[in-house]
Structure formats: C-alpha cells, structure tokens
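Structure record follows, encoded as structure tokens.
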Amino acid sequence: MRERSDALTLDAGDPLAGHRGHFVLPDGIVYLDGNSLGALPAALPARLDAVIHEQWGRDLIRSWNRHDWIDLPVRVGEAAAALIGAGPGQVVAADSTSVNLFKLLAAALDARPGRTVILSVEDNFPTDLYMAQGLARLLGGEVRLRLVSEPALEGAMDEDTAVVMLSHVDFRTGRIRDMAALTAAAHRAGALALWDLAHSAGVLPVALDAAEVDLAVGCGYKYLCGGPGAPAFLYVARRLQDRIASPLSGWMGHVAPFAFDPAYRPAPGVSRFLCGTPAVLAMTALEVGVETISLAGIDRLRAKATALTEYFITLADERLRDHGFELASPRDPADRGAQVSLRHAEGLPIMAALVARDVIGDFREPDILRFGFAPLTTRFVDVWDAVEILVEIMETRAWDRPEHRRRPRVT
Ligand SMILES: *Cc1c(COP(=O)(O)O)cnc(C)c1O
C-alpha cells in the first residue's frame with residue numbers, strides 16, 4: 001500500500017508548489033473544483049480595491065482614458081491569447097461564453113451563405129446547444145442544429161454544414177478532442193470550426209493558430225480564475241475578421257463609438273465582436289486571474305495537471321475498485337484534460353457526503369463524480385486525502401443519509 005508520505009514527497013519536488021501561495025485557499029479544504037470556479041488569486045482584492053477607490057472613486061469618468069479602462073477587453077484578450085496559441089489581434093474578453101457563442105455562430109452562418117446546418121455532438125455542453133437552438137429559431141427555421149454521436153461526427157460534415165461547434169475538452173469525461181484533425185475535416189467539407197475552450201484554456205496547451213481554427217470561445221471563471229461570472233473571451237482568426245460581423249452590433253464594436261454616428265459600421269479586426277460597455281471591475285479581476293495563471297507557464301501547468309490526474313487514477317484503481325466506481329475519463333493522459341470523472345450509481349449522495357467532509361468536487365447528471373485538478377491550487381497530498389476520505393465514506397456508508405440526497409439549486 002502506498003503512503004501519505006509519498007504524496008508529501010511529490011509535493012516537495014513540485015516545481016510549481018510555490019504558486020499555491022498566489023491564491024487564497026482556506027485551511028482544511030481539498031478543492032477539486034477549480035474547473036468550475038477557479039480559486040481567488042491573492043493579488044486580486046488589492047487590485048480591485050485600487051480600481052474601486054483610486055480610479056472609480058477618485059478619477060470618476062476620467063478613468064476611461066486615464067486608466068485605460070476602455071482598453072480592458074483587448075488587453076485582457078491579448079493576455080489570454082498567449083495561453084491559447086493565438087497571435088496578437090485575434091482575442092477579446094467580452095460578455096459570457098454563451099453570448100459569445102451566439103455572436104460567433106451567427107457570424108459563421110453569415111460567412112457560409114446557403115449552408116444551413118450547425119453541426120455538433122449530442123453530449124456537448126447544454127448552453128452551447130441552447131444558444132444554437134435559439135439562433136436557429138430566430139432565423140425562422142432556415143437553419144438547424146444537427147446533433148450526432150461522436151463516431152458519426154466527421155461523416156456528418158457535408159455541403160450543408162456551415163459550422164462545426166465542439167468543446168475542446170468534454171465537460172463530463174475530460175476527453176480531449178483532436179482540434180487540428182477535426183478543424184481540418186470541417187475545412188475539407190467547406191465549413192468553419194468553432195471551438196469552446198472552457199475546459200482547456202489555462203490548463204493545457206491550445207494551438208488555435210497552428211490548428212487553423214476559425215473561431216473559439218472560452219470561459220473566464222474556470223481555470224483562468226477570473227471570479228464568479230467573470231467575462232469570457234472570443235477568438236476570430238485574422239483571415240476572417242474583416243469578412244464577418246457580430247449580430248449584436250453594439251457601439252463598442254463600432255469603428256468610432258464616440259462619433260455617435262446613427263449608422264453601424266464595424267471596427268476593423270476582432271474588436272467588432274465587442275458589444276456594450278465592458279464590466280470594468282469584472283475585467284480587472286479576470287486580468288489578475290490570467291496574469292496569475294500565466295506566471296506558471298502553460299507547459300508546466302499541463303505537466304503538473306497530468307501528474308495529478310495520473311496519481312488520482314492510480315489511487316482510485318487501488319482503493320476504490322471494490323466500491324462500484326468506474327473511470328469515465330480516458331486512461332491515456334494524452335487524451336485527458338485536467339479532470340477525472342468517476343461513474344457511480346449513487347454519485348449524487350456520494351459527492352454530497354464528500355463535500356460535507358470538505359472535499360469539494362461536483363456531480364454531473366446522470367452518474368458522474370467530477371474532480372478537477374487545477375494545477376496551481378492542488379497538491380498531491382490533496383489527491384491522497386480526497387481518495388482516503390472517499391474510501392472512508394464508502395466503507396462507513398456515510399453517503400447513505402437522506403440529507404445527501406437533496407439536490408441543491410447549483411450542482
Ligand atoms: C462552463 C461552460 C460554459 C459556460 O457558459 P456561461 O455563459 O459562462 O454560463 C459554456 N460552455 C462550456 C463547454 C462550459 O464548460
């Protein structure tokens with residue numbers, strides 16, 4: 001049997017161990033949900049405080065120019081771009097992932113006139129599918145969302161396909177899709193490729209430019225640690241930028257917002273995908289999150305996340321096998337993001353019992369216990385303790401209590 005001291009030895013040799021101090025983490029908590037809400041960067045409260053008191057409070061509206069508030073979407077976008085393999089001038093921070101999906105899907109349909117299908121997979125993240133459904137309804141039935149199973153995906157890309165919309169890392173299983181190969185397949189069919197990076201940005205190398213991706217969106221509050229409900233980001237490949245436009249043609253995407261021209265004319269470049277006034281406080285928080293993550297370097301983040309998920313799977317194989325768990329994530333670390341999902345018929349009460357013991361993961365219907373291993377805030381000893389407590393919960397049947405079967409509003 002392995003020992004807890006092995007985990008402590010791994011932590012002692014971890015080149016990223018010092019980065020944990022860049023975050024606020026309460027004692028006694030094993031936090032394995034940084035894939036849903038990244039931890040609070042330690043530098044964030046002071047930065048927000050300064051923006052509130054020294055900028056908003058003192059300089060008032062002059063801050064838009066004096067403190068470059070107006071540049072926040074581009075500045076934060078460029079910082080995120082460096083993490084996702086995007087050259088300059090292609091990423092802005094704006095709106096939510098859902099809204100950005102809507103803008104880019106509509107633009108993609110516009111860029112492929114005569115093509116009527118948004119193609120995706122059945123198990124894509126619901127909001128991605130819902131946004132496509134809403135757009136199709138708005139377009140009066142001319143466009144439809146076609147959902148296929150994973151194996152049927154490439155075969156379904158045809159002359160009707162305007163855009164293929166996929167998640168880079170599957171939110172349930174953590175499986176990584178082959179971005180370059182699927183993008184190339186979409187292009188062979190004459191379609192555009194739109195990728196959702198919610199579970200890959202900030203935790204594994206993404207190569208948008210090298211893979212010739214057309215469009216992408218990503219989330220600010222997961223691995224980027226931008227805070228609850230942080231602004232999201234979007235990517236438009238440079239070659240497309242001046243040929244497509246946002247359907248949400250707000251003034252921040254206008255070529256000259258302060259000309260107050262009655263006619264909309266899109267700004268050159270990716271800024272045309274901005275809509276309304278940026279949320280300065282939320283953008284500031286996201287900027288700190290991206291800076292904090294970027295200090296570590298994406299290759300080291302990936303290496304540590306892989307080591308953590310490997311360690312968790314090794315311990316789960318050894319110690320959870322007799323308790324009805326089944327690995328839902330790929331065994332090959334090359335195919336796996338920074339999460340490990342276990343299936344169990346009693347997943348909901350088991351996860352509730354874990355959370356009650358301060359081991360925080362989450363549950364995804366119908367039977368998935370999801371553990372995220374954000375590499376800067378998770379130690380190897382956290383992995384050990386999580387498995388130890390999970391074994392205890394199973395052996396004592398602590399999960400089998402009525403209070404653990406209540407469904408909270410947010411899981
Ligand atoms: C988290 C997540 C979202 C979130 O979208 P919001 O608009 O921020 O609520 C979208 N897509 C995927 C794949 C996600 O994992």
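Going by the structure tokens order, chains are called A, B, ..., each with residues numbered from 1, while ligands are numbered from 1 in the order shown.
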Could you give me, as a PDB file with C-alpha atoms, in the first residue's frame, the residues within 9 Å of Glu395 of chain A, counting only C-alpha atoms and dropping anything in the same chain fewer than 4 positions from it?
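The resulting part_38.pdb:
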ATOM      1  CA  HIS A 323     -16.848   0.224  -4.221  1.00  0.00           C
ATOM      2  CA  LEU A 390     -13.820   8.828  -0.281  1.00  0.00           C
ATOM      3  CA  VAL A 391     -12.816   5.302   0.806  1.00  0.00           C
TER       4      VAL A 391
END
(request) Please provide the set of residues having any atom within 12 Å of Phe260 of chain A, restricted to only C-alpha atoms, with same-chain residues fewer than 6 positions apart removed, written as a count of residues only. (result) 4
(message) Just checking: using only C-alpha atoms, which residue out of A:Ala353, A:Gly85, A:Glu122, A:Gln133 ends up closest to Ala211 of chain A?
(response)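 Once distances to Ala211 of chain A are computed over only C-alpha atoms, the minimum belongs to A:Gly85.
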Counting only C-alpha atoms, what is within 10 Å of Pro126 of chain A, bar same-chain residues fewer than 5 positions away, as a PDB file with N, CA and C atoms, in the first residue's frame?
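In the end it all went to around_38.pdb:
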ATOM      1  N   SER A  98     -21.723  31.984 -23.298  1.00  0.00           N
ATOM      2  CA  SER A  98     -22.978  31.752 -24.032  1.00  0.00           C
ATOM      3  C   SER A  98     -23.207  32.835 -25.076  1.00  0.00           C
ATOM      4  N   MET A 131     -27.840  27.826 -27.169  1.00  0.00           N
ATOM      5  CA  MET A 131     -27.609  29.061 -27.927  1.00  0.00           C
ATOM      6  C   MET A 131     -27.813  28.806 -29.423  1.00  0.00           C
ATOM      7  N   ALA A 132     -27.363  27.652 -29.871  1.00  0.00           N
ATOM      8  CA  ALA A 132     -27.558  27.316 -31.293  1.00  0.00           C
ATOM      9  C   ALA A 132     -29.045  27.136 -31.596  1.00  0.00           C
TER      10      ALA A 132
END
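Within the 9 Å cut-off around segment 265-268 of chain A, using only C-alpha atoms and omitting residues fewer than 5 positions from it on the same chain, the listed residues are A:Gln241, A:Asp242, A:Ala245, A:Ser246, A:Ser249, A:Trp251, A:Met252, A:Gly253, A:His254, A:Val255, A:Ala256, A:Phe273.
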